[in-house]
Structures are given as structure tokens and as C-alpha cells.
$ cat target_7.txt   # compact mmCIF, C-alpha atoms
# COMPACT_ATOMS: atom_id res chain seq x y z
CA MET Q 1 11.53 10.04 13.64
CA THR Q 2 9.70 7.01 14.95
CA ALA Q 3 9.12 3.95 12.79
CA LYS Q 4 5.38 4.67 12.86
CA ASN Q 5 5.92 8.18 11.47
CA PHE Q 6 8.43 6.89 8.92
CA TYR Q 7 5.90 4.37 7.60
CA LEU Q 8 3.26 7.08 7.40
CA ALA Q 9 5.63 9.38 5.49
CA MET Q 10 6.51 6.55 3.09
CA ALA Q 11 2.78 5.88 2.56
CA VAL Q 12 2.41 9.50 1.45
CA VAL Q 13 5.46 9.25 -0.85
CA GLY Q 14 4.20 5.88 -2.08
CA THR Q 15 0.92 7.54 -3.06
CA VAL Q 16 2.25 10.73 -4.64
CA ILE Q 17 5.00 9.26 -6.84
CA PRO Q 18 2.87 6.61 -8.60
CA TRP Q 19 0.01 9.08 -9.04
CA LEU Q 20 2.36 11.49 -10.82
CA PHE Q 21 2.71 8.77 -13.46
CA PHE Q 22 -0.94 7.67 -13.32
CA GLY Q 23 -2.08 11.29 -13.55
CA SER Q 24 0.07 11.84 -16.62
CA PHE Q 25 -1.43 8.74 -18.26
CA PHE Q 26 -5.03 9.67 -17.44
CA GLY Q 27 -4.37 13.29 -18.40
CA THR Q 28 -3.24 12.15 -21.83
CA HIS Q 29 -5.71 9.30 -22.43
CA GLY Q 30 -8.63 10.11 -20.15
CA PRO Q 31 -10.20 7.50 -17.87
CA ASP Q 32 -9.49 4.66 -20.30
CA ILE Q 33 -9.12 1.72 -17.88
CA PRO Q 34 -8.83 -0.95 -20.62
CA LEU Q 35 -5.94 1.01 -22.21
CA PHE Q 36 -4.36 1.48 -18.78
CA LEU Q 37 -4.46 -2.27 -18.11
CA GLN Q 38 -3.20 -3.04 -21.62
CA SER Q 39 -0.33 -0.60 -21.10
CA LEU Q 40 0.81 -2.51 -18.03
CA PHE Q 41 1.82 -5.32 -20.40
CA ALA Q 42 2.79 -3.21 -23.44
CA ASN Q 43 6.18 -4.90 -23.81
CA GLY Q 44 8.32 -7.52 -22.12
CA ALA Q 45 9.89 -5.11 -19.64
CA ALA Q 46 6.58 -3.56 -18.57
CA GLY Q 47 4.88 -6.96 -18.50
CA GLY Q 48 7.58 -8.55 -16.36
CA PHE Q 49 7.59 -5.64 -13.93
CA SER Q 50 3.78 -5.57 -13.75
CA ALA Q 51 3.54 -9.34 -13.22
CA ASP Q 52 6.17 -9.14 -10.47
CA VAL Q 53 4.30 -6.40 -8.63
CA LEU Q 54 0.88 -8.04 -9.06
CA ILE Q 55 2.15 -11.38 -7.71
CA THR Q 56 3.80 -9.58 -4.81
CA ILE Q 57 0.56 -7.77 -3.97
CA VAL Q 58 -1.33 -11.07 -3.74
CA ILE Q 59 1.38 -12.50 -1.47
CA PHE Q 60 1.25 -9.33 0.64
CA TRP Q 61 -2.56 -9.61 0.99
CA VAL Q 62 -2.30 -13.18 2.29
CA TRP Q 63 0.60 -12.42 4.63
CA SER Q 64 -0.89 -9.19 6.00
CA TRP Q 65 -4.30 -10.81 6.55
CA ARG Q 66 -2.70 -13.63 8.55
CA ASP Q 67 -0.36 -11.25 10.36
CA ALA Q 68 -3.22 -8.88 11.20
CA ARG Q 69 -5.21 -11.70 12.76
CA ALA Q 70 -2.22 -12.93 14.76
CA ASN Q 71 -1.23 -9.45 15.96
CA LYS Q 72 -4.73 -7.94 16.25
CA VAL Q 73 -4.01 -5.18 13.72
CA GLY Q 74 -7.09 -3.00 13.39
CA ARG Q 75 -8.27 -1.69 10.03
CA TRP Q 76 -6.19 -4.25 8.11
CA TRP Q 77 -8.72 -4.07 5.29
CA LEU Q 78 -7.42 -0.60 4.31
CA VAL Q 79 -4.58 -2.30 2.43
CA LEU Q 80 -7.08 -3.63 -0.13
CA PRO Q 81 -8.29 -0.29 -1.54
CA ALA Q 82 -4.76 1.09 -1.08
CA SER Q 83 -3.34 -1.60 -3.33
CA PHE Q 84 -6.14 -1.26 -5.90
CA PHE Q 85 -6.07 2.53 -6.21
CA VAL Q 86 -2.33 3.09 -5.79
CA GLY Q 87 -0.32 -0.10 -5.32
CA LEU Q 88 2.06 -1.84 -3.00
CA SER Q 89 3.97 1.42 -2.52
CA LEU Q 90 1.04 2.64 -0.42
CA ALA Q 91 -0.37 -0.65 0.90
CA LEU Q 92 2.86 -1.93 2.48
CA PRO Q 93 3.89 1.17 4.46
CA LEU Q 94 0.24 1.74 5.42
CA TYR Q 95 0.03 -1.76 6.88
CA LEU Q 96 3.35 -1.35 8.68
CA HIS Q 97 2.06 1.94 10.11
CA LEU Q 98 -1.12 0.24 11.33
CA ARG Q 99 0.94 -2.62 12.78
CA GLU Q 100 3.14 -0.38 14.92
CA PRO Q 101 1.97 0.07 18.49
CA PRO Q 102 0.47 3.46 19.33
CA GLN Q 103 2.87 6.15 20.38
CA HIS Q 104 2.46 7.33 23.92
CA THR Q 105 3.38 10.89 24.74
CA ASP Q 106 2.48 10.51 28.38
CA CYS Q 107 4.80 12.81 30.31
CA GLN Q 108 3.51 11.78 33.73
CA LYS Q 109 5.90 9.88 35.94
CA ASN Q 110 4.80 7.28 38.47
$ encode --input "target_7.txt" --output "C-alpha cells"
Amino acid sequence: MTAKNFYLAMAVVGTVIPWLFFGSFFGTHGPDIPLFLQSLFANGAAGGFSADVLITIVIFWVWSWRDARANKVGRWWLVLPASFFVGLSLALPLYLHLREPPQHTDCQKN
């Protein structure tokens, strides 16, 4: 498996696993966004974990924006909705997938 395919597979896993939890929450409480945000900081453990991830996402945005400019990574902006609607578990492998050079399956020999 190439790195590009690995990153793509991890983006899928990084979408499905969190949404199993998010889906359970929204299935129980409905689309109650204020309650969802409040639940992120329901206790010290949840609050610390949530703060850690939120800070890391901001750092990732800055780094990936700079890295995308330096390395001419197309569609960098996809990490923004990915991090808002899922999280870093999708945004990071998605960016790494976009950053990998295209795979060439050219079988012709010179």
C-alpha cells in the first residue's frame, strides 16, 4: 500500500469512527449544537481533551496553510470543512493525502 492510499484509508477511518460517536449523540439528543458544544467540556477530562484537540487543530491549520503554499498543495482548503465537520482525524490524513505526489501507473518504458 502506498503512503497516498494509506492516508486516504486513514481519512475514511478518521471520519467513520468519530461519526459513530457523534451519530449516537445526535441520535439521542437531536441536532442540539449548544448541548454538543457544552458536552465537549462536561468535566475536567473531556474539557482537557477537547482543549488539546482544538488547540492542535488551530496549529495544524496554520502549518498546513504555510506548507501548502510552500509545496503547491492543491485544494488545501478542504482541511477546513474536514476539521469542522469531523475533526483532526479526517483533516490531517486528508492533507497528507493531498500533499503526496500523484501516483503514476505508466507502464511504458523509454
$ atom_distance --input "target_7.txt" --atom1 "CA of Ser50 in chain Q" --atom2 "CA of Pro31 in chain Q"
19.6 Å
$ residues_around --input "target_7.txt" --residues "range 64-68 of chain Q" --least-positions-apart "2" --cutoff "10 Å" --atoms "only C-alpha atoms" --output "number ranges by chain"
Q: 58-62, 70-77, 79, 91-92, 95-96, 98-99
$ atom_distance --input "target_7.txt" --atom1 "CA of His97 in chain Q" --atom2 "CA of Lys4 in chain Q"
5.1 Å
$ residues_around --input "target_7.txt" --residues "Thr15 in chain Q" --least-positions-apart "6" --cutoff "8 Å" --atoms "all atoms listed in the file" --output "compact mmCIF listing (two decimals) with C-alpha atoms, in the coordinates of the input"
# COMPACT_ATOMS: atom_id res chain seq x y z
CA VAL Q 86 -2.33 3.09 -5.79
CA SER Q 89 3.97 1.42 -2.52
CA LEU Q 90 1.04 2.64 -0.42
$ closest_residue --input "target_7.txt" --among "Q:Val13, Q:Ile57, Q:Leu8, Q:Glu100" --to "Pro81 in chain Q" --atoms "all atoms listed in the file"
Q:Ile57
$ atom_distance --input "target_7.txt" --atom1 "CA of Ala45 in chain Q" --atom2 "CA of Pro18 in chain Q"
17.6 Å
$ closest_residue --input "target_7.txt" --among "Q:Val16, Q:Leu80, Q:Leu88, Q:Thr2" --to "Asp52 in chain Q" --atoms "all atoms listed in the file"
Q:Leu88
